[in-house]
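Asker: Quick one: structure below, then a few questions.
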Amino acid sequence: MYENKKTLKDINLDNKKVVVRVDFNVPLKDGKVTNDKRIVAALETINYLLSHNCSIICLSHLSRIKSLDDINSGKKSLAPVAKRLQELLPNNKVIFMNENIGENVKNAAANLKAGEILLLENTRYNDVNANNEVVKKESKNNPELAKEWAGLGEVFVNDAFGTAHRAHASNAGIAANIAESCIGFLVEKEIKNISKAIDNPARPYVAILGGAKVSDKLKVINNLVNKADKIIVTGGMVYTFLKAQGLEIGKSICEDEMIPTAKELMAKYGNKLVLTCDSECAPEYADVKPTYMDHTKPFGELMGLDIGPKTIELFNNTLANAKTVVWNGPCGVSEFENFKAGTEAVAKTLKDITAKGCYTLIGGGDSAAAVVALGFKETDYSFVSTGGGACLALIEGSSLVGIDKISEK
């Protein structure tokens with residue numbers, strides 16, 4: 001999987017001007033970075049380029065830009081990120097520009113000296129024009145924008161795994177318009193570790209799929225039923241399967257239009273799918289004292305918000321002898337104190353089997369956030385992905401459109 005793409009070590013980088021797509025989409029509060037994990041994750045690539053005497057132009061998005069208010073308020077500016085980057089690289093000059101296109105940017109890039117880093121303003125500022133119209137030049141890979149950014153350097157490095165599943169001007173667009181490109185260390189590490197769980201997994205191989213919607217995970221289920229030994233279906237999406245079995249699920253989340261698909265999957269792969277057998281419920285989506293429901297009884301006016309103790313035991317038994325586990329999506333509303341037990345139990349079991357040599361991949365997004373919020377460490381697992389959507393794309397067998405145009409070895 002993408003082994004044919006050039007990496008940093010396949011290119012002569014000495015004294016080159018390099019455009020790097022990083023993922024600096026970090027949380028900000030009162031103009032300060034509150035979690036710099038993504039900035040720190042990019043340092044390996046940046047430091048490698050600095051060791052080769054490169055001058056570096058960094059591009060990143062920050063959040064979504066839907067109107068001029070998002071731009072004019074300054075709340076989605078990368079200025080605080082530049083400040084943090086400078087603190088992390090005290091021996092190098094970090095220059096921030098509150099623009100990302102135009103003559104000033106071209107001149108700044110042209111005059112950049114070796115060892116200097118130029119961070120340009122939020123790439124998604126180009127998604128809205130001066131008339132406050134949503135034009136999505138970045139998000140829809142506008143060719144002129146891509147060419148302008150590609151023209152700032154001699155080499156392009158894509159080290160933003162979090163957006164690798166999207167074809168934007170700042171990833172796919174630049175790669176298609178520059179002579180030499182490669183993936184950075186972060187992207188390389190992600191692909192290697194995710195491939196390990198998908199391409200040739202040690203068996204038994206178990207996938208845990210949670211989250212709210214079956215429609216979001218349908219491609220994943222279809223791809224994994226042929227590869228995994230068992231698929232644990234949990235989270236909100238399991239209620240669509242339970243309703244398809246004839247269970248009265250009360251006010252639980254359900255995609256009625258997906259019921260025929262759920263029936264089809266159960267008829268075809270029933271022996272592989274492991275569904276929940278009890279739930280912790282509430283009369284509304286709120287952090288209240290749970291009401292226990294066994295799945296043999298109708299839910300009435302209740303909705304399921306977490307898995308129950310019997311299901312925890314069932315999942316633990318399914319995972320006990322696993323040699324490879326991929327987990328994408330929590331088991332319940334884990335941010336609610338009363339409904340976090342299921343996700344916490346699975347996180348604990350995965351930690352235990354990792355210690356016994358099982359390869360565990362936490363597939364980014366909500367599951368990665370949940371394990372950290374519940375007090376587990378990333379080192380408790382074999383690999384925790386930084387990109388939810390990109391990781392999911394690889395698990396479901398889709399290509400990473402943001403990386404497809406990178407130069408081949």
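Naming scheme: A, B, ... for chains in displayed order of the structure tokens; residues 1 onward per chain; ligands 1 onward as shown.
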Among range 173-215 of chain A, which ones does DSSP place in alpha helix (DSSP H), written as a list in words?

Answerer: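 Checking each residue of range 173-215 of chain A, the alpha helix (DSSP H) ones are Ile174, Ala175, Ala176, Phe185, Leu186, Val187, Glu188, Lys189, Glu190, Ile191, Lys192, Asn193, Ile194, Ser195, Lys196, Ala197, Ile198, Val214 and Ser215 of chain A.
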
Asker: Name all residues at most 7 Å from Ile95 in chain A (count only C-alpha atoms; drop same-chain ones fewer than 5 positions away) and give them as a list in words.

Answerer: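 Skipping anything fewer than 5 positions along the chain leaves Ile117, Leu118 and Leu119 of chain A.
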
Asker: Using only C-alpha atoms, which residue out of A:Gly153, A:Glu103, A:Glu188, A:Glu138 lies closest to Ser55 in chain A?

Answerer: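 Using only C-alpha atoms, the shortest distance to Ser55 in chain A belongs to A:Gly153.
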
Asker: Which residue gives the smallest distance to Gly270 in chain A among A:Lys17, A:Lys230, A:Lys37, A:His295, with only C-alpha atoms counted?

Answerer: A:Lys230

Asker: Between CA of Val19 in chain A and CA of Cys391 in chain A, what is the spacing in Å?

Answerer: 23.9 Å

Asker: Restricting the calculation to only C-alpha atoms: of A:Glu154, A:Lys263, A:Gly211, A:Lys310, which residue gets closest to Gly365 in chain A?

Answerer: A:Gly211

Asker: Where does DSSP see strand (DSSP E) in range 123-345 of chain A, if you list the residues as a PyMOL selection string?

Answerer: chain A and resi 155-158+180-183+205-209+230-233+273-275+278-282+291-294+303-307+324-328

Asker: Could you name the residues that touch range 61-74 of chain A at 12 Å or less, counting only C-alpha atoms, but leaving out those on the same chain fewer than 6 positions away, as a ChimeraX atom specification?

Answerer: /A:21-31,33,38,80-81,98-100,119-139,160,162-163,168-171

Asker: In Å, how far is it from CA of Asp14 in chain A to CA of Glu148 in chain A?

Answerer: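 Atom-to-atom, CA of Asp14 in chain A and CA of Glu148 in chain A are spaced 23.1 Å apart.
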
Asker: Rank nothing, just name the residue among A:Thr343, A:Gly329, A:Val20, A:Ala322 nearest to Gly308 in chain A, using only C-alpha atoms.

Answerer: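 Using only C-alpha atoms, Gly308 in chain A sits closest to A:Thr343.
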